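> Got a structure for you, written out below as structure tokens; questions coming shortly.
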Amino acid sequence: MRTTTSLVAVGLFVGGAVSVPAGVYEQYWNNASIECPTVPAAGSFPTYQQLPDQSTMPDPFLYLKYTTTDNGGSSSTFAQDVMTGKGKNRVATPDEWYKCRQPELLQMLQEYQYGYYPDHSQEKVEATRSGTTVQISVTAGGKTGKFKATFSLPTGASKDKPAPVVINIGGMQNAPYLSAGIAVAQFDYTSVAADSNSKTGAFWDVYKGRDIGVLTAWAWGFHRTLDALNMTVPEINPNKVGVTGCSRLGKGALAAGLFDTRITVTMPMSSGVQGAGPYRYHAMSGQDETLENSKSGAGWWSDSTLGKFVNHATNLPYDAHTIVAALAPRAVVIDQGTGDSFTNSKATAVIVYPAAKLVYDWLGASDNIAMSVRSGAHCDMSGFSFVLPYVQKILLGTPTTKDYNNLGTYGSPLTTAYPWNTAVPKKA
């Protein structure tokens with residue numbers, strides 16, 4: 001049994017500020033030739049009335065500052081120009097993306113959807129291991145939240161030969177991953193934050209009163225679990241980490257990948273709206289999951305600001321492809337089933353994935369984004385086996401011949417849904 005205390009945030013996106021992992025792209029931060037547009041202060045972002053109505057997927061290369069309608073003047077084509085990649089002062093280089101646009105996206109997504117992630121540098125994390133259970137305690141501002149995680153190690157994992165790990169909430173197929181040499185960890189997401197408006201659980205014990213969505217609270221649970229594993233389980237490799245969950249828990253896993261650069265591969269399964277499902281083009285398959293019915297049915301998933309876009313979803317300056325693209329260059333594999341009667345699998349496959357992939361391709365990270373289209377229903381456990389070869393490739397370096405750019409029976413990308421596809425910035 002061992003107890004360890006952590007006082008420092010490492011490799012996190014914290015409260016809109018960005019800490020970049022060593023050796024990835026830190027050279028861009030001191031590039032004096034790149035000047036970034038001003039990002040609004042928290043609570044001062046444009047309202048839906050100040051943003052154009054975009055019926056297609058927003059241009060990820062266009063800064064928020066140049067998206068607002070005041071840039072249009074008397075132009076009758078402003079909204080069309082914004083949608084088709086003709087907006088002014090777009091991101092021009094990968095350097096500029098990493099220095100300016102990615103940080104803006106992280107700030108923007110916290111403002112409009114997730115709520116602002118707590119400052120981890122102000123937290124004290126303590127962890128105690130007993131067998132395969134880790135008790136976790138997080139203290140900040142004189143308040144403490146506690147929960148626990150459990151883990152399973154593959155045969156042969158040791159301090160000298162640590163195994164990669166996939167952290168999940170809600171359950172997954174453990175056996176194939178353990179057989180592949182990947183550890184599996186999990187925590188009870190309801191003990192971190194209830195899937196309700198009750199504001200109960202370890203996260204709210206520390207941060208009650210803040211306008212933060214439950215998806216962000218679950219993301220925080222993933223991150224504090226990773227802290228605890230790193231402190232108490234030397235048999236796990238802290239540099240090879242996956243996060244996953246299905247349905248609403250897949251939305252939480254996507255948020256976990258977004259806000260912590262220690263996550264090597266993000267695995268949202270059947271995640272739908274507020275995950276890898278689009279707000280636009282919402283009726284292509286499934287039950288027509290929309291911003292409106294998701295906020296009505298589970299308003300606690302996101303912050304209050306997203307609710308201000310109810311009946312105005314097409315005024316949002318982002319969509320699911322933007323969230324996925326903001327992960328780059330780190331790896332992501334998206335799971336959807338053609339028999340999913342709930343989430344919009346088809347639009348995720350033919351719109352969100354290829355639109356986000358254009359950004360990955362442009363950044364030179366083509367191999368770090370994958371789409372897994374399978375038969376089967378919502379949260380079919382077989383999905384974990386379908387994505388496993390890709391996860392092995394990322395975490396273990398194991399080659400795979402499986403084509404994760406194959407959209408199956410959905411056919412080809414619907415490029416008309418993201419018309420800026422013909423205006424991707426040219427590489428120098």
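Lettering and numbering for the structure tokens are positional, with chains as A, B, ... in the shown order, residues counted from 1 in each chain, and ligands counted from 1 in the shown order.
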Extract the full set of strand (DSSP E or B) residues from stretch 194-282 of chain A according to DSSP on the backbone, and format it as an NGL selection string.
:A and (236-246 or 260 or 265-269 or 273 or 277)
> Can you pull out every residue within 12 Å of A:Ala298, counting only C-alpha atoms, but drop anything in the same chain fewer than 6 positions away, and send it as a list in words?
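Neighbouring residues, sequence-local ones excluded: Ala194, Asp195, Ser196, Asn197, Ser198, Gly213, Val214, Leu215, Arg248, Val273, Gln274, Glu289, Thr290, Leu291, Glu292, Ser304 and Gly307 of chain A.
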> Which residues, written as a PyMOL selection string, have at least one atom at most 8 Å from A:Phe203, with only C-alpha atoms counted and residues fewer than 3 positions away on the same chain left out?
chain A and resi 145+192-193+200+206-208+217+220-221
> Taking 3 positions as the minimum chain separation for residues in the same chain, which residues sit within 10 Å of A:Gln392 when counting only C-alpha atoms? Answer as a ChimeraX atom specification.
/A:164,177,180-182,387-389,395-400
> Please write the residues from the selection above to a file, keeping all heavy atoms, as a compact mmCIF listing (two decimals), in the first residue's frame.

```txt
# COMPACT_ATOMS: atom_id res chain seq x y z
N PRO A 164 0.53 -0.10 -21.40
CA PRO A 164 -0.41 0.99 -21.69
C PRO A 164 -1.72 0.73 -20.94
O PRO A 164 -1.98 -0.39 -20.50
CB PRO A 164 -0.61 0.90 -23.20
CG PRO A 164 0.52 0.07 -23.71
CD PRO A 164 0.88 -0.87 -22.60
N TYR A 177 -8.48 -6.54 -24.55
CA TYR A 177 -7.44 -5.54 -24.29
C TYR A 177 -6.35 -6.13 -23.40
O TYR A 177 -5.15 -5.92 -23.64
CB TYR A 177 -8.07 -4.29 -23.68
CG TYR A 177 -8.78 -3.46 -24.73
CD1 TYR A 177 -10.02 -3.86 -25.23
CD2 TYR A 177 -8.22 -2.30 -25.24
CE1 TYR A 177 -10.67 -3.14 -26.22
CE2 TYR A 177 -8.87 -1.56 -26.23
CZ TYR A 177 -10.08 -1.99 -26.72
OH TYR A 177 -10.70 -1.28 -27.71
N ALA A 180 -4.20 -8.33 -25.30
CA ALA A 180 -3.32 -7.57 -26.20
C ALA A 180 -2.18 -6.89 -25.45
O ALA A 180 -1.32 -6.27 -26.08
CB ALA A 180 -4.14 -6.53 -26.96
N GLY A 181 -2.19 -6.97 -24.13
CA GLY A 181 -1.12 -6.34 -23.35
C GLY A 181 -1.45 -4.94 -22.89
O GLY A 181 -0.54 -4.17 -22.53
N ILE A 182 -2.74 -4.60 -22.85
CA ILE A 182 -3.18 -3.26 -22.44
C ILE A 182 -3.95 -3.36 -21.13
O ILE A 182 -4.91 -4.14 -21.02
CB ILE A 182 -4.07 -2.63 -23.52
CG1 ILE A 182 -3.28 -2.48 -24.84
CG2 ILE A 182 -4.61 -1.27 -23.06
CD1 ILE A 182 -4.13 -2.06 -26.02
N VAL A 387 -12.38 -1.38 -32.61
CA VAL A 387 -11.38 -0.31 -32.54
C VAL A 387 -10.04 -0.79 -32.00
O VAL A 387 -9.03 -0.09 -32.09
CB VAL A 387 -11.87 0.89 -31.70
CG1 VAL A 387 -13.18 1.44 -32.25
CG2 VAL A 387 -12.01 0.54 -30.22
N LEU A 388 -10.00 -2.01 -31.43
CA LEU A 388 -8.78 -2.49 -30.78
C LEU A 388 -7.55 -2.49 -31.68
O LEU A 388 -6.47 -2.06 -31.24
CB LEU A 388 -9.02 -3.88 -30.18
CG LEU A 388 -7.81 -4.53 -29.50
CD1 LEU A 388 -7.23 -3.64 -28.41
CD2 LEU A 388 -8.20 -5.91 -28.93
N PRO A 389 -7.63 -2.95 -32.94
CA PRO A 389 -6.41 -2.92 -33.76
C PRO A 389 -5.82 -1.52 -33.91
O PRO A 389 -4.60 -1.35 -33.92
CB PRO A 389 -6.89 -3.47 -35.11
CG PRO A 389 -8.04 -4.35 -34.77
CD PRO A 389 -8.72 -3.66 -33.63
N LEU A 395 -1.01 2.64 -29.17
CA LEU A 395 -0.42 2.43 -27.85
C LEU A 395 0.76 1.46 -27.84
O LEU A 395 1.64 1.55 -26.97
CB LEU A 395 -1.49 1.93 -26.87
CG LEU A 395 -2.64 2.89 -26.57
CD1 LEU A 395 -3.57 2.28 -25.53
CD2 LEU A 395 -2.13 4.25 -26.08
N LEU A 396 0.76 0.53 -28.80
CA LEU A 396 1.79 -0.51 -28.80
C LEU A 396 2.68 -0.49 -30.04
O LEU A 396 3.69 -1.20 -30.09
CB LEU A 396 1.15 -1.89 -28.68
CG LEU A 396 0.39 -2.18 -27.38
CD1 LEU A 396 -0.42 -3.46 -27.51
CD2 LEU A 396 1.37 -2.29 -26.21
N GLY A 397 2.30 0.30 -31.04
CA GLY A 397 3.06 0.32 -32.27
C GLY A 397 2.85 -0.90 -33.13
O GLY A 397 3.67 -1.19 -34.02
N THR A 398 1.76 -1.61 -32.91
CA THR A 398 1.46 -2.82 -33.67
C THR A 398 0.81 -2.47 -35.00
O THR A 398 -0.25 -1.83 -35.02
CB THR A 398 0.51 -3.74 -32.88
OG1 THR A 398 1.06 -3.99 -31.59
CG2 THR A 398 0.29 -5.05 -33.60
N PRO A 399 1.39 -2.85 -36.12
CA PRO A 399 0.79 -2.51 -37.43
C PRO A 399 -0.58 -3.16 -37.58
O PRO A 399 -0.86 -4.21 -37.02
CB PRO A 399 1.79 -3.08 -38.44
CG PRO A 399 3.07 -3.27 -37.69
CD PRO A 399 2.66 -3.59 -36.27
N THR A 400 -1.44 -2.51 -38.36
CA THR A 400 -2.75 -3.09 -38.67
C THR A 400 -3.05 -2.87 -40.14
O THR A 400 -2.68 -1.83 -40.71
CB THR A 400 -3.87 -2.48 -37.81
OG1 THR A 400 -5.12 -3.07 -38.18
CG2 THR A 400 -3.97 -0.97 -37.99
```
> Just checking: using only C-alpha atoms, which residue out of A:Lys240, A:Leu358, A:Leu414, A:His312 ends up closest to A:Arg330?
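Smallest separation from A:Arg330 among the options: A:Lys240.
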> Point out the residue among A:Pro268, A:Gly339, A:Pro103, A:Gly376 with the least atom-to-atom distance to A:Gln287, counting only C-alpha atoms.
A:Gly339
> Excluding A:Val233 and residues on its chain fewer than 3 positions from it, collect all residues at most 10 Å away from it, counting only C-alpha atoms, and give them as a compact mmCIF listing (two decimals) with N, CA, C and O atoms, in the first residue's frame.

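File produced: around_24.txt:
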```
# COMPACT_ATOMS: atom_id res chain seq x y z
N ARG A 2 0.48 2.26 -0.76
CA ARG A 2 1.33 3.42 -0.87
C ARG A 2 0.47 4.66 -1.05
O ARG A 2 -0.52 4.65 -1.77
N THR A 128 -4.21 6.20 -2.62
CA THR A 128 -3.76 5.05 -1.85
C THR A 128 -4.18 3.78 -2.58
O THR A 128 -5.35 3.60 -2.91
N ARG A 129 -3.22 2.92 -2.81
CA ARG A 129 -3.49 1.66 -3.52
C ARG A 129 -3.60 0.50 -2.54
O ARG A 129 -2.78 0.35 -1.64
N GLY A 131 -4.21 -3.50 -3.41
CA GLY A 131 -4.47 -4.50 -4.44
C GLY A 131 -4.70 -3.83 -5.78
O GLY A 131 -3.84 -3.12 -6.29
N THR A 132 -5.89 -4.04 -6.34
CA THR A 132 -6.22 -3.43 -7.63
C THR A 132 -7.24 -2.30 -7.50
O THR A 132 -7.94 -1.95 -8.45
N VAL A 134 -7.71 1.77 -6.13
CA VAL A 134 -7.02 3.00 -5.76
C VAL A 134 -8.06 3.97 -5.21
O VAL A 134 -9.04 4.31 -5.88
N PHE A 151 -8.46 -1.36 -11.36
CA PHE A 151 -7.70 -1.64 -12.58
C PHE A 151 -7.38 -3.12 -12.68
O PHE A 151 -7.37 -3.85 -11.68
N LEU A 153 -4.42 -5.62 -14.73
CA LEU A 153 -3.16 -5.58 -15.46
C LEU A 153 -3.04 -6.80 -16.38
O LEU A 153 -3.45 -7.90 -16.01
N SER A 158 4.84 -4.96 -15.37
CA SER A 158 5.66 -4.76 -14.19
C SER A 158 6.22 -3.35 -14.20
O SER A 158 6.06 -2.61 -15.18
N LYS A 159 6.89 -2.99 -13.12
CA LYS A 159 7.52 -1.67 -13.04
C LYS A 159 8.55 -1.52 -14.15
O LYS A 159 8.71 -0.43 -14.73
N PRO A 162 6.13 -1.59 -17.98
CA PRO A 162 4.77 -1.09 -17.74
C PRO A 162 3.90 -1.22 -18.99
O PRO A 162 4.38 -1.11 -20.12
N LEU A 226 -6.15 9.12 -13.72
CA LEU A 226 -4.82 8.98 -14.31
C LEU A 226 -3.74 9.46 -13.36
O LEU A 226 -2.69 8.82 -13.22
N ALA A 228 -3.85 9.32 -10.14
CA ALA A 228 -3.72 8.30 -9.10
C ALA A 228 -2.99 7.06 -9.60
O ALA A 228 -2.17 6.48 -8.89
N LEU A 229 -3.30 6.64 -10.81
CA LEU A 229 -2.60 5.49 -11.38
C LEU A 229 -1.11 5.78 -11.53
O LEU A 229 -0.26 4.93 -11.24
N ASN A 230 -0.81 6.98 -11.99
CA ASN A 230 0.60 7.36 -12.17
C ASN A 230 1.35 7.38 -10.84
O ASN A 230 2.56 7.09 -10.79
N ILE A 236 1.85 0.53 -14.86
CA ILE A 236 1.14 1.20 -15.95
C ILE A 236 2.03 2.30 -16.53
O ILE A 236 2.64 3.07 -15.79
N ASN A 237 2.08 2.37 -17.86
CA ASN A 237 2.87 3.38 -18.57
C ASN A 237 2.09 4.68 -18.64
O ASN A 237 1.06 4.76 -19.32
N PRO A 238 2.56 5.74 -17.98
CA PRO A 238 1.82 6.99 -17.95
C PRO A 238 1.83 7.75 -19.27
O PRO A 238 1.12 8.73 -19.44
```
> Between A:Tyr98, A:Tyr189, A:Tyr63, A:Trp362, which residue has the minimum interatomic distance to A:Asn31, considering only C-alpha atoms?
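Answer, going by the shortest atom-to-atom distance: A:Tyr98.
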> Sorted by chain and rising residue number, list the residues of stretch 279-395 of chain A at most 8 Å from stretch 56-62 of chain A (counting only C-alpha atoms), each with its closest atom pair and distance in Å to one decimal, as JSON lines.

```
{"residue": "A:Arg280", "atom": "CA", "partner": "A:Thr56", "partner_atom": "CA", "distance": 7.0}
{"residue": "A:Thr314", "atom": "CA", "partner": "A:Thr56", "partner_atom": "CA", "distance": 8.0}
{"residue": "A:Pro317", "atom": "CA", "partner": "A:Pro58", "partner_atom": "CA", "distance": 6.2}
{"residue": "A:Tyr318", "atom": "CA", "partner": "A:Pro58", "partner_atom": "CA", "distance": 5.6}
{"residue": "A:Asp319", "atom": "CA", "partner": "A:Met57", "partner_atom": "CA", "distance": 6.5}
{"residue": "A:His321", "atom": "CA", "partner": "A:Met57", "partner_atom": "CA", "distance": 7.9}
{"residue": "A:Thr322", "atom": "CA", "partner": "A:Pro60", "partner_atom": "CA", "distance": 6.1}
{"residue": "A:Val359", "atom": "CA", "partner": "A:Pro60", "partner_atom": "CA", "distance": 8.0}
```
> Could you check the closest approach to A:His378 for each of A:Met269, A:Ala183, A:Leu258, A:Met231 and tell me which residue wins, using only C-alpha atoms?
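For A:His378, the nearest of the given residues is A:Met269.
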> Given only C-alpha atoms as the basis, pick out the residue of A:Gly245, A:Gly286, A:Leu363, A:Tyr279 nearest to A:Ala313.
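Among the listed residues, A:Tyr279 lies closest to A:Ala313.
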> Can you tell me how far atom CA of A:Glu126 sits from atom CA of A:Val165, in Å to one decimal?
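About the pair atom CA of A:Glu126 and atom CA of A:Val165: they are 20.1 Å apart.
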> Stretch 263-325 of chain A: which residues are helix (DSSP H, G or I) by DSSP, as a list in words?
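DSSP on the backbone gives helix (DSSP H, G or I) at Leu291, Glu292, Asn293, Ser294, Lys295, Ser296, Gly297, Ala298, Gly299, Trp300, Trp301, Ser304, Thr305, Leu306, Gly307, Ala313, Thr314, Asn315, Ala320, His321, Thr322, Ile323, Val324 and Ala325 of chain A.
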> Rounded to one decimal, what separation in Å do you get between atom CA of A:Glu35 and atom CA of A:Glu96?
8.4 Å
> Suppose you want the space between atom CA of A:Ala331 and atom CA of A:Thr216; what is it in Å?
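Between atom CA of A:Ala331 and atom CA of A:Thr216 the gap works out to 19.7 Å.
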> Choose the residue, out of A:Phe222, A:Lys146, A:Gln173, A:Lys99, that has the smallest atom-to-atom separation from A:Ser33; count only C-alpha atoms.
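Ranking A:Phe222, A:Lys146, A:Gln173, A:Lys99 by distance to A:Ser33, first place goes to A:Lys99.
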